[in-house]
>>> print(open('input.cif').read())   # mmCIF, C-alpha atoms and all ligand atoms
data_protein
#
loop_
_atom_site.group_PDB
_atom_site.id
_atom_site.type_symbol
_atom_site.label_atom_id
_atom_site.label_comp_id
_atom_site.auth_asym_id
_atom_site.auth_seq_id
_atom_site.Cartn_x
_atom_site.Cartn_y
_atom_site.Cartn_z
ATOM 1 C CA MET A 1 184.900 132.326 143.657
ATOM 2 C CA THR A 2 181.268 131.651 144.534
ATOM 3 C CA PRO A 3 179.952 133.969 147.237
ATOM 4 C CA THR A 4 179.644 132.450 150.705
ATOM 5 C CA ARG A 5 178.595 133.845 154.039
ATOM 6 C CA LEU A 6 182.202 134.819 154.594
ATOM 7 C CA THR A 7 182.217 136.927 151.422
ATOM 8 C CA PRO A 8 182.657 140.330 153.114
ATOM 9 C CA LEU A 9 186.090 139.070 154.187
ATOM 10 C CA THR A 10 189.097 138.920 151.936
ATOM 11 C CA ASP A 11 189.730 135.443 150.471
ATOM 12 C CA GLU A 12 192.757 135.112 152.716
ATOM 13 C CA LEU A 13 190.861 135.936 155.891
ATOM 14 C CA ALA A 14 187.902 133.750 154.883
ATOM 15 C CA ALA A 15 190.299 130.820 154.399
ATOM 16 C CA GLU A 16 191.759 131.463 157.815
ATOM 17 C CA ALA A 17 188.294 131.634 159.385
ATOM 18 C CA ARG A 18 187.542 128.223 157.854
ATOM 19 C CA ARG A 19 190.733 126.822 159.368
ATOM 20 C CA TRP A 20 189.848 128.142 162.827
ATOM 21 C CA LEU A 21 186.322 126.722 162.662
ATOM 22 C CA ALA A 22 187.702 123.361 161.525
ATOM 23 C CA SER A 23 190.242 123.223 164.326
ATOM 24 C CA TRP A 24 187.523 124.054 166.874
ATOM 25 C CA GLY A 25 185.445 121.195 165.463
ATOM 26 C CA VAL A 26 182.594 123.451 164.321
ATOM 27 C CA PRO A 27 183.037 123.834 160.517
ATOM 28 C CA GLU A 28 179.244 124.088 160.153
ATOM 29 C CA ILE A 29 179.373 127.575 161.653
ATOM 30 C CA GLU A 30 180.469 128.862 158.267
ATOM 31 C CA ASP A 31 176.908 128.276 157.039
ATOM 32 C CA ALA A 32 175.325 129.710 160.180
ATOM 33 C CA VAL A 33 177.200 132.966 160.530
ATOM 34 C CA HIS A 34 176.563 136.107 158.586
ATOM 35 C CA ILE A 35 179.472 138.539 158.675
ATOM 36 C CA ARG A 36 178.920 142.187 157.875
ATOM 37 C CA TYR A 37 180.559 145.553 158.277
ATOM 38 C CA SER A 38 178.492 148.313 159.811
ATOM 39 C CA ALA A 39 179.047 152.033 160.280
ATOM 40 C CA ARG A 40 176.580 152.020 163.179
ATOM 41 C CA LEU A 41 179.043 150.146 165.336
ATOM 42 C CA SER A 42 181.459 152.680 166.758
ATOM 43 C CA ARG A 43 181.994 151.966 170.454
ATOM 44 C CA SER A 44 183.474 148.512 169.939
ATOM 45 C CA TRP A 45 185.477 146.876 167.170
ATOM 46 C CA ALA A 46 182.979 144.139 166.580
ATOM 47 C CA ARG A 47 180.020 142.368 168.056
ATOM 48 C CA CYS A 48 178.835 138.791 168.040
ATOM 49 C CA GLN A 49 175.167 137.760 168.192
ATOM 50 C CA PRO A 50 175.131 133.957 167.930
ATOM 51 C CA ALA A 51 171.363 133.762 168.445
ATOM 52 C CA LEU A 52 170.930 135.952 165.364
ATOM 53 C CA GLY A 53 173.723 134.215 163.483
ATOM 54 C CA ARG A 54 175.516 137.501 163.115
ATOM 55 C CA ILE A 55 178.960 139.002 163.511
ATOM 56 C CA THR A 56 179.158 142.739 162.939
ATOM 57 C CA ILE A 57 182.508 144.427 162.399
ATOM 58 C CA GLN A 58 183.011 148.166 162.580
ATOM 59 C CA ARG A 59 183.077 149.665 159.105
ATOM 60 C CA GLY A 60 186.495 150.990 158.310
ATOM 61 C CA LEU A 61 188.267 148.107 160.044
ATOM 62 C CA ASP A 62 188.690 146.542 156.626
ATOM 63 C CA THR A 63 191.347 149.235 156.151
ATOM 64 C CA ALA A 64 193.140 148.304 159.398
ATOM 65 C CA PRO A 65 196.331 146.225 159.329
ATOM 66 C CA ALA A 66 195.495 142.591 158.484
ATOM 67 C CA GLU A 67 196.834 141.302 161.812
ATOM 68 C CA PHE A 68 194.443 143.508 163.720
ATOM 69 C CA LEU A 69 191.347 142.540 161.745
ATOM 70 C CA ARG A 70 192.442 138.916 162.028
ATOM 71 C CA GLU A 71 192.427 139.048 165.832
ATOM 72 C CA VAL A 72 189.093 140.890 165.928
ATOM 73 C CA LEU A 73 187.522 138.279 163.663
ATOM 74 C CA ALA A 74 188.972 135.328 165.599
ATOM 75 C CA HIS A 75 187.766 136.902 168.851
ATOM 76 C CA GLU A 76 184.182 137.058 167.570
ATOM 77 C CA LEU A 77 184.224 133.671 165.827
ATOM 78 C CA ALA A 78 185.492 132.126 169.076
ATOM 79 C CA HIS A 79 182.419 133.593 170.826
ATOM 80 C CA PHE A 80 180.292 131.972 168.151
ATOM 81 C CA ALA A 81 182.082 128.633 168.505
ATOM 82 C CA ALA A 82 181.942 128.735 172.321
ATOM 83 C CA HIS A 83 178.205 129.371 172.099
ATOM 84 C CA ALA A 84 177.767 126.392 169.750
ATOM 85 C CA LEU A 85 179.975 124.064 171.834
ATOM 86 C CA TYR A 86 179.000 125.018 175.392
ATOM 87 C CA GLY A 87 175.691 126.860 175.155
ATOM 88 C CA PRO A 88 174.709 130.406 176.068
ATOM 89 C CA ALA A 89 175.302 130.130 179.840
ATOM 90 C CA ILE A 90 179.115 130.376 179.810
ATOM 91 C CA ALA A 91 180.940 133.604 180.667
ATOM 92 C CA PRO A 92 181.654 135.589 177.469
ATOM 93 C CA HIS A 93 185.417 135.669 178.008
ATOM 94 C CA GLY A 94 185.611 132.668 180.317
ATOM 95 C CA ARG A 95 187.928 129.671 180.110
ATOM 96 C CA GLU A 96 186.034 128.055 177.203
ATOM 97 C CA TRP A 97 186.476 131.106 175.023
ATOM 98 C CA ARG A 98 190.105 131.576 176.112
ATOM 99 C CA ALA A 99 190.882 127.945 175.287
ATOM 100 C CA LEU A 100 189.528 128.409 171.768
ATOM 101 C CA MET A 101 191.739 131.462 171.215
ATOM 102 C CA ARG A 102 194.761 129.569 172.527
ATOM 103 C CA ALA A 103 193.937 126.649 170.224
ATOM 104 C CA VAL A 104 194.486 128.888 167.192
ATOM 105 C CA ALA A 105 197.575 130.524 168.709
ATOM 106 C CA LEU A 106 195.980 133.932 169.246
ATOM 107 C CA PRO A 107 196.016 136.075 172.385
ATOM 108 C CA ALA A 108 192.814 135.942 174.439
ATOM 109 C CA ARG A 109 192.615 139.706 174.809
ATOM 110 C CA THR A 110 189.387 141.428 175.639
ATOM 111 C CA ARG A 111 190.640 144.964 175.067
ATOM 112 C CA LEU A 112 192.356 145.903 171.881
ATOM 113 C CA ALA A 113 194.023 149.268 171.389
ATOM 114 C CA PRO A 114 193.739 150.659 167.879
ATOM 115 C CA PRO A 115 196.699 149.694 165.699
ATOM 116 C CA PRO A 116 199.477 152.304 165.967
ATOM 117 C CA GLY A 117 199.307 154.837 163.188
ATOM 118 C CA TRP A 118 195.891 153.701 162.019
ATOM 119 C CA HIS A 119 192.770 155.841 162.290
ATOM 120 C CA ALA A 120 189.280 154.763 161.435
ATOM 121 C CA PRO A 121 188.182 156.552 158.260
ATOM 122 C CA ALA A 122 186.089 159.580 159.147
ATOM 123 C CA ARG A 123 182.410 159.202 158.599
ATOM 124 C CA PRO A 124 180.932 161.790 156.269
ATOM 125 C CA ARG A 125 178.901 164.303 158.225
ATOM 126 C CA PRO A 126 175.530 165.293 156.887
ATOM 127 C CA VAL A 127 175.705 168.660 155.147
ATOM 128 C CA ALA A 128 173.705 171.331 156.930
ATOM 129 C CA ARG A 129 171.680 173.526 154.642
ATOM 130 C CA TYR A 130 170.419 176.994 155.182
ATOM 131 C CA TYR A 131 168.143 178.987 152.958
ATOM 132 C CA LEU A 132 168.377 182.712 152.619
ATOM 133 C CA HIS A 133 165.044 184.373 151.887
ATOM 134 C CA ARG A 134 165.508 187.810 150.410
ATOM 135 C CA CYS A 135 163.142 190.498 149.306
ATOM 136 C CA PRO A 136 164.272 191.626 145.836
ATOM 137 C CA VAL A 137 162.739 195.055 146.429
ATOM 138 C CA CYS A 138 163.946 196.180 149.850
ATOM 139 C CA ARG A 139 166.646 193.534 150.407
ATOM 140 C CA ALA A 140 165.237 192.383 153.745
ATOM 141 C CA GLU A 141 166.671 188.954 154.577
ATOM 142 C CA ARG A 142 165.771 186.026 156.717
ATOM 143 C CA VAL A 143 167.312 182.563 157.002
ATOM 144 C CA ALA A 144 165.705 179.204 157.752
ATOM 145 C CA LYS A 145 166.816 175.593 157.664
ATOM 146 C CA ARG A 146 164.303 174.924 154.906
ATOM 147 C CA VAL A 147 162.523 176.868 152.234
ATOM 148 C CA VAL A 148 159.529 178.638 153.749
ATOM 149 C CA ARG A 149 157.202 179.340 150.842
ATOM 150 C CA ARG A 150 154.634 181.241 152.860
ATOM 151 C CA TRP A 151 157.003 183.976 153.971
ATOM 152 C CA ARG A 152 156.447 187.379 152.442
ATOM 153 C CA CYS A 153 158.184 190.675 152.977
ATOM 154 C CA GLY A 154 155.973 192.436 155.543
ATOM 155 C CA ARG A 155 157.295 195.867 154.744
ATOM 156 C CA CYS A 156 156.576 195.485 151.022
ATOM 157 C CA LEU A 157 153.134 193.999 151.689
ATOM 158 C CA ASP A 158 152.332 197.087 153.774
ATOM 159 C CA ARG A 159 153.199 199.202 150.759
ATOM 160 C CA GLY A 160 150.844 197.261 148.516
ATOM 161 C CA ARG A 161 153.452 195.074 146.815
ATOM 162 C CA ASP A 162 153.219 191.294 146.608
ATOM 163 C CA GLY A 163 156.134 190.843 149.050
ATOM 164 C CA GLU A 164 157.448 187.754 147.272
ATOM 165 C CA LEU A 165 160.908 186.572 148.265
ATOM 166 C CA GLU A 166 163.818 185.046 146.429
ATOM 167 C CA VAL A 167 165.428 181.985 148.008
ATOM 168 C CA PHE A 168 169.130 181.080 147.918
ATOM 169 C CA ARG A 169 170.788 178.037 149.363
ATOM 170 C CA LEU A 170 173.746 178.729 151.659
ATOM 171 C CA GLU A 171 176.648 176.379 152.227
ATOM 172 C CA ARG A 172 177.317 177.595 155.742
ATOM 173 C CA LYS A 173 175.363 178.850 158.672
ATOM 174 C CA PRO A 174 175.202 182.641 158.362
ATOM 175 C CA ARG A 175 176.254 184.895 161.227
ATOM 176 C CA ARG A 176 172.760 186.227 161.649
ATOM 177 C CA PHE A 177 170.244 183.474 161.970
ATOM 178 C CA TRP A 178 166.519 183.841 162.390
ATOM 179 C CA PRO A 179 164.544 180.787 163.437
ATOM 180 C CA PHE A 180 161.371 179.753 161.668
ATOM 181 C CA ALA A 181 158.517 182.147 161.613
ATOM 182 C CA ARG A 182 155.401 180.974 163.331
ATOM 183 C CA ARG A 183 152.617 179.767 161.114
ATOM 184 C CA GLY A 184 151.201 182.585 159.040
ATOM 185 C CA GLU A 185 153.780 185.054 160.263
ATOM 186 C CA GLN A 186 155.029 187.537 157.800
ATOM 187 C CA MET A 187 158.658 188.204 157.366
HETATM 188 ZN ZN ZN B 201 184.415 139.392 173.290
HETATM 189 ZN ZN ZN B 202 160.591 194.066 150.795
#
>>> encode(input="input.cif", output="structure tokens", more="lines below")
Ligand SMILES: [Zn+2]
Ligand SMILES: [Zn+2]
Amino acid sequence: MTPTRLTPLTDELAAEARRWLASWGVPEIEDAVHIRYSARLSRSWARCQPALGRITIQRGLDTAPAEFLREVLAHELAHFAAHALYGPAIAPHGREWRALMRAVALPARTRLAPPPGWHAPARPRPVARYYLHRCPVCRAERVAKRVVRRWRCGRCLDRGRDGELEVFRLERKPRRFWPFARRGEQM
């Protein structure tokens, strides 16, 4: 199949979207709308920006039951169609939009509970890194969130050694945690 602007959708859902647009009398919207999934959308299932030609669907919803995604998509496409047919001044979920939903035999709901038993896939959390700076001579330690090359072991410097430290990356935040040294501060 050649890619179209509906490509992020499954073939089945894209075909259905085409049918809805045709029955609303606005088949040209297929070439005007760009559909994408985004992880940045988390407070609503989807969002429609007709002026930008964009429908954004929460990433992860592509794993939701097909019926659910179908209603979310129809909801947003109906916003798009209502905008094209009646202009930007109409109420977002007013009678024009509700009539379009009814025309394709879907409920005109404005709040949609998550499908039972389905949970949005967890977003990977950034891994925190901590760096242990250790004096190989006297074993003094200090931790920072990045490697601090200028740190030296003060005690060893005082005794005429070079005070150089070894650095190890830690997977977890250690129990004792020292914040950054101020500029030029010795360890
Ligand atoms: Zn809406
Ligand atoms: Zn030392």
>>> residues_near_ligand(input="input.cif", ligand="ligand ZN 201 (chain B)", cutoff="9 Å", atoms="all atoms listed in the file", output="PyMOL selection string")
chain A and resi 46-48+72+75-76+78-79+92-93+97+109-111
>>> closest_atom_pairs(input="input.cif", of="chain A", to="ligand ZN 202 (chain B)", cutoff="12 Å", atoms="all atoms listed in the file", output="JSON lines")
{"residue": "A:His133", "atom": "CA", "partner": "B:ZN202", "partner_atom": "ZN", "distance": 10.7}
{"residue": "A:Arg134", "atom": "CA", "partner": "B:ZN202", "partner_atom": "ZN", "distance": 8.0}
{"residue": "A:Cys135", "atom": "CA", "partner": "B:ZN202", "partner_atom": "ZN", "distance": 4.6}
{"residue": "A:Pro136", "atom": "CA", "partner": "B:ZN202", "partner_atom": "ZN", "distance": 6.6}
{"residue": "A:Val137", "atom": "CA", "partner": "B:ZN202", "partner_atom": "ZN", "distance": 5.0}
{"residue": "A:Cys138", "atom": "CA", "partner": "B:ZN202", "partner_atom": "ZN", "distance": 4.1}
{"residue": "A:Arg139", "atom": "CA", "partner": "B:ZN202", "partner_atom": "ZN", "distance": 6.1}
{"residue": "A:Ala140", "atom": "CA", "partner": "B:ZN202", "partner_atom": "ZN", "distance": 5.8}
{"residue": "A:Glu141", "atom": "CA", "partner": "B:ZN202", "partner_atom": "ZN", "distance": 8.8}
{"residue": "A:Arg142", "atom": "CA", "partner": "B:ZN202", "partner_atom": "ZN", "distance": 11.2}
{"residue": "A:Trp151", "atom": "CA", "partner": "B:ZN202", "partner_atom": "ZN", "distance": 11.2}
{"residue": "A:Arg152", "atom": "CA", "partner": "B:ZN202", "partner_atom": "ZN", "distance": 8.0}
{"residue": "A:Cys153", "atom": "CA", "partner": "B:ZN202", "partner_atom": "ZN", "distance": 4.7}
{"residue": "A:Gly154", "atom": "CA", "partner": "B:ZN202", "partner_atom": "ZN", "distance": 6.8}
{"residue": "A:Arg155", "atom": "CA", "partner": "B:ZN202", "partner_atom": "ZN", "distance": 5.4}
{"residue": "A:Cys156", "atom": "CA", "partner": "B:ZN202", "partner_atom": "ZN", "distance": 4.3}
{"residue": "A:Leu157", "atom": "CA", "partner": "B:ZN202", "partner_atom": "ZN", "distance": 7.5}
{"residue": "A:Asp158", "atom": "CA", "partner": "B:ZN202", "partner_atom": "ZN", "distance": 9.3}
{"residue": "A:Arg159", "atom": "CA", "partner": "B:ZN202", "partner_atom": "ZN", "distance": 9.0}
{"residue": "A:Gly160", "atom": "CA", "partner": "B:ZN202", "partner_atom": "ZN", "distance": 10.5}
{"residue": "A:Arg161", "atom": "CA", "partner": "B:ZN202", "partner_atom": "ZN", "distance": 8.2}
{"residue": "A:Asp162", "atom": "CA", "partner": "B:ZN202", "partner_atom": "ZN", "distance": 8.9}
{"residue": "A:Gly163", "atom": "CA", "partner": "B:ZN202", "partner_atom": "ZN", "distance": 5.8}
{"residue": "A:Glu164", "atom": "CA", "partner": "B:ZN202", "partner_atom": "ZN", "distance": 7.9}
{"residue": "A:Leu165", "atom": "CA", "partner": "B:ZN202", "partner_atom": "ZN", "distance": 7.9}
{"residue": "A:Glu166", "atom": "CA", "partner": "B:ZN202", "partner_atom": "ZN", "distance": 10.5}
{"residue": "A:Gln186", "atom": "CA", "partner": "B:ZN202", "partner_atom": "ZN", "distance": 11.1}
{"residue": "A:Met187", "atom": "CA", "partner": "B:ZN202", "partner_atom": "ZN", "distance": 9.0}
>>> atom_distance(input="input.cif", atom1="CA of Leu9 in chain A", atom2="CA of Glu96 in chain A")
25.5 Å
>>> residues_around(input="input.cif", residues="Ala82 in chain A", least_positions_apart="5", cutoff="10 Å", atoms="all atoms listed in the file", output="list in words")
Trp24, Val26, Pro50, Glu76, Leu77, Gly87, Pro88, Ile90, Ala91, Pro92, His93, Gly94, Arg95, Glu96, Trp97, Arg98, Ala99 and Leu100 of chain A
>>> write_last_selection(input="input.cif", atoms="C-alpha atoms", output="PDB file, in the frame of the given file")
ATOM      1  CA  TRP A  24     187.523 124.054 166.874  1.00  0.00           C
ATOM      2  CA  VAL A  26     182.594 123.451 164.321  1.00  0.00           C
ATOM      3  CA  PRO A  50     175.131 133.957 167.930  1.00  0.00           C
ATOM      4  CA  GLU A  76     184.182 137.058 167.570  1.00  0.00           C
ATOM      5  CA  LEU A  77     184.224 133.671 165.827  1.00  0.00           C
ATOM      6  CA  GLY A  87     175.691 126.860 175.155  1.00  0.00           C
ATOM      7  CA  PRO A  88     174.709 130.406 176.068  1.00  0.00           C
ATOM      8  CA  ILE A  90     179.115 130.376 179.810  1.00  0.00           C
ATOM      9  CA  ALA A  91     180.940 133.604 180.667  1.00  0.00           C
ATOM     10  CA  PRO A  92     181.654 135.589 177.469  1.00  0.00           C
ATOM     11  CA  HIS A  93     185.417 135.669 178.008  1.00  0.00           C
ATOM     12  CA  GLY A  94     185.611 132.668 180.317  1.00  0.00           C
ATOM     13  CA  ARG A  95     187.928 129.671 180.110  1.00  0.00           C
ATOM     14  CA  GLU A  96     186.034 128.055 177.203  1.00  0.00           C
ATOM     15  CA  TRP A  97     186.476 131.106 175.023  1.00  0.00           C
ATOM     16  CA  ARG A  98     190.105 131.576 176.112  1.00  0.00           C
ATOM     17  CA  ALA A  99     190.882 127.945 175.287  1.00  0.00           C
ATOM     18  CA  LEU A 100     189.528 128.409 171.768  1.00  0.00           C
TER      19      LEU A 100
END
>>> residues_near_point(input="input.cif", point="(190.6, 154.2, 158.1)", cutoff="9 Å", atoms="all atoms listed in the file", output="list of chain:residue names")
A:Arg59, A:Gly60, A:Leu61, A:Asp62, A:Thr63, A:Ala64, A:Trp118, A:His119, A:Ala120, A:Pro121, A:Ala122
>>> axis_aligned_box(input="input.cif", around="range 49-59 of chain A", padding_each_side="3 Å", output="AutoDock Vina command-line options")
--center_x 177.0 --center_y 141.7 --center_z 163.8 --size_x 18.1 --size_y 21.9 --size_z 15.3
>>> closest_residue(input="input.cif", among="A:Ala74, A:Ala84, A:Val127, A:Leu170", to="Ala108 in chain A", atoms="all atoms listed in the file")
A:Ala74
>>> atom_distance(input="input.cif", atom1="CA of Phe168 in chain A", atom2="CA of Ala144 in chain A")
10.6 Å
>>> atom_distance(input="input.cif", atom1="CA of Ser42 in chain A", atom2="CA of Thr10 in chain A")
21.6 Å
>>> residues_around(input="input.cif", residues="range 34-39 of chain A", least_positions_apart="3", cutoff="7 Å", atoms="only C-alpha atoms", output="ChimeraX atom specification")
/A:5-6,8,42,53-59
>>> closest_residue(input="input.cif", among="A:Val104, A:Leu41, A:Val33, A:Leu13", to="Phe68 in chain A", atoms="only C-alpha atoms")
A:Leu13
>>> resolve_selection(input="input.cif", expression="the PyMOL selection byres (((chain A and resi 171) around 10) and not hetatm)", output="list in words")
Val127, Ala128, Arg129, Tyr130, Tyr131, Phe168, Arg169, Leu170, Arg172, Lys173 and Pro174 of chain A
>>> closest_residue(input="input.cif", among="A:Leu132, A:Ala32, A:Gly117, A:Pro107", to="Ala51 in chain A", atoms="all atoms listed in the file")
A:Ala32
>>> resolve_selection(input="input.cif", expression="the PyMOL selection byres (((chain A and resi 16) around 12) and not hetatm)", output="PDB file with C-alpha atoms, in the coordinates of the input")
ATOM      1  CA  LEU A   6     182.202 134.819 154.594  1.00  0.00           C
ATOM      2  CA  LEU A   9     186.090 139.070 154.187  1.00  0.00           C
ATOM      3  CA  THR A  10     189.097 138.920 151.936  1.00  0.00           C
ATOM      4  CA  ASP A  11     189.730 135.443 150.471  1.00  0.00           C
ATOM      5  CA  GLU A  12     192.757 135.112 152.716  1.00  0.00           C
ATOM      6  CA  LEU A  13     190.861 135.936 155.891  1.00  0.00           C
ATOM      7  CA  ALA A  14     187.902 133.750 154.883  1.00  0.00           C
ATOM      8  CA  ALA A  15     190.299 130.820 154.399  1.00  0.00           C
ATOM      9  CA  ALA A  17     188.294 131.634 159.385  1.00  0.00           C
ATOM     10  CA  ARG A  18     187.542 128.223 157.854  1.00  0.00           C
ATOM     11  CA  ARG A  19     190.733 126.822 159.368  1.00  0.00           C
ATOM     12  CA  TRP A  20     189.848 128.142 162.827  1.00  0.00           C
ATOM     13  CA  LEU A  21     186.322 126.722 162.662  1.00  0.00           C
ATOM     14  CA  ALA A  22     187.702 123.361 161.525  1.00  0.00           C
ATOM     15  CA  SER A  23     190.242 123.223 164.326  1.00  0.00           C
ATOM     16  CA  PRO A  27     183.037 123.834 160.517  1.00  0.00           C
ATOM     17  CA  GLU A  30     180.469 128.862 158.267  1.00  0.00           C
ATOM     18  CA  ALA A  66     195.495 142.591 158.484  1.00  0.00           C
ATOM     19  CA  GLU A  67     196.834 141.302 161.812  1.00  0.00           C
ATOM     20  CA  LEU A  69     191.347 142.540 161.745  1.00  0.00           C
ATOM     21  CA  ARG A  70     192.442 138.916 162.028  1.00  0.00           C
ATOM     22  CA  GLU A  71     192.427 139.048 165.832  1.00  0.00           C
ATOM     23  CA  LEU A  73     187.522 138.279 163.663  1.00  0.00           C
ATOM     24  CA  ALA A  74     188.972 135.328 165.599  1.00  0.00           C
ATOM     25  CA  LEU A  77     184.224 133.671 165.827  1.00  0.00           C
ATOM     26  CA  VAL A 104     194.486 128.888 167.192  1.00  0.00           C
TER      27      VAL A 104
END
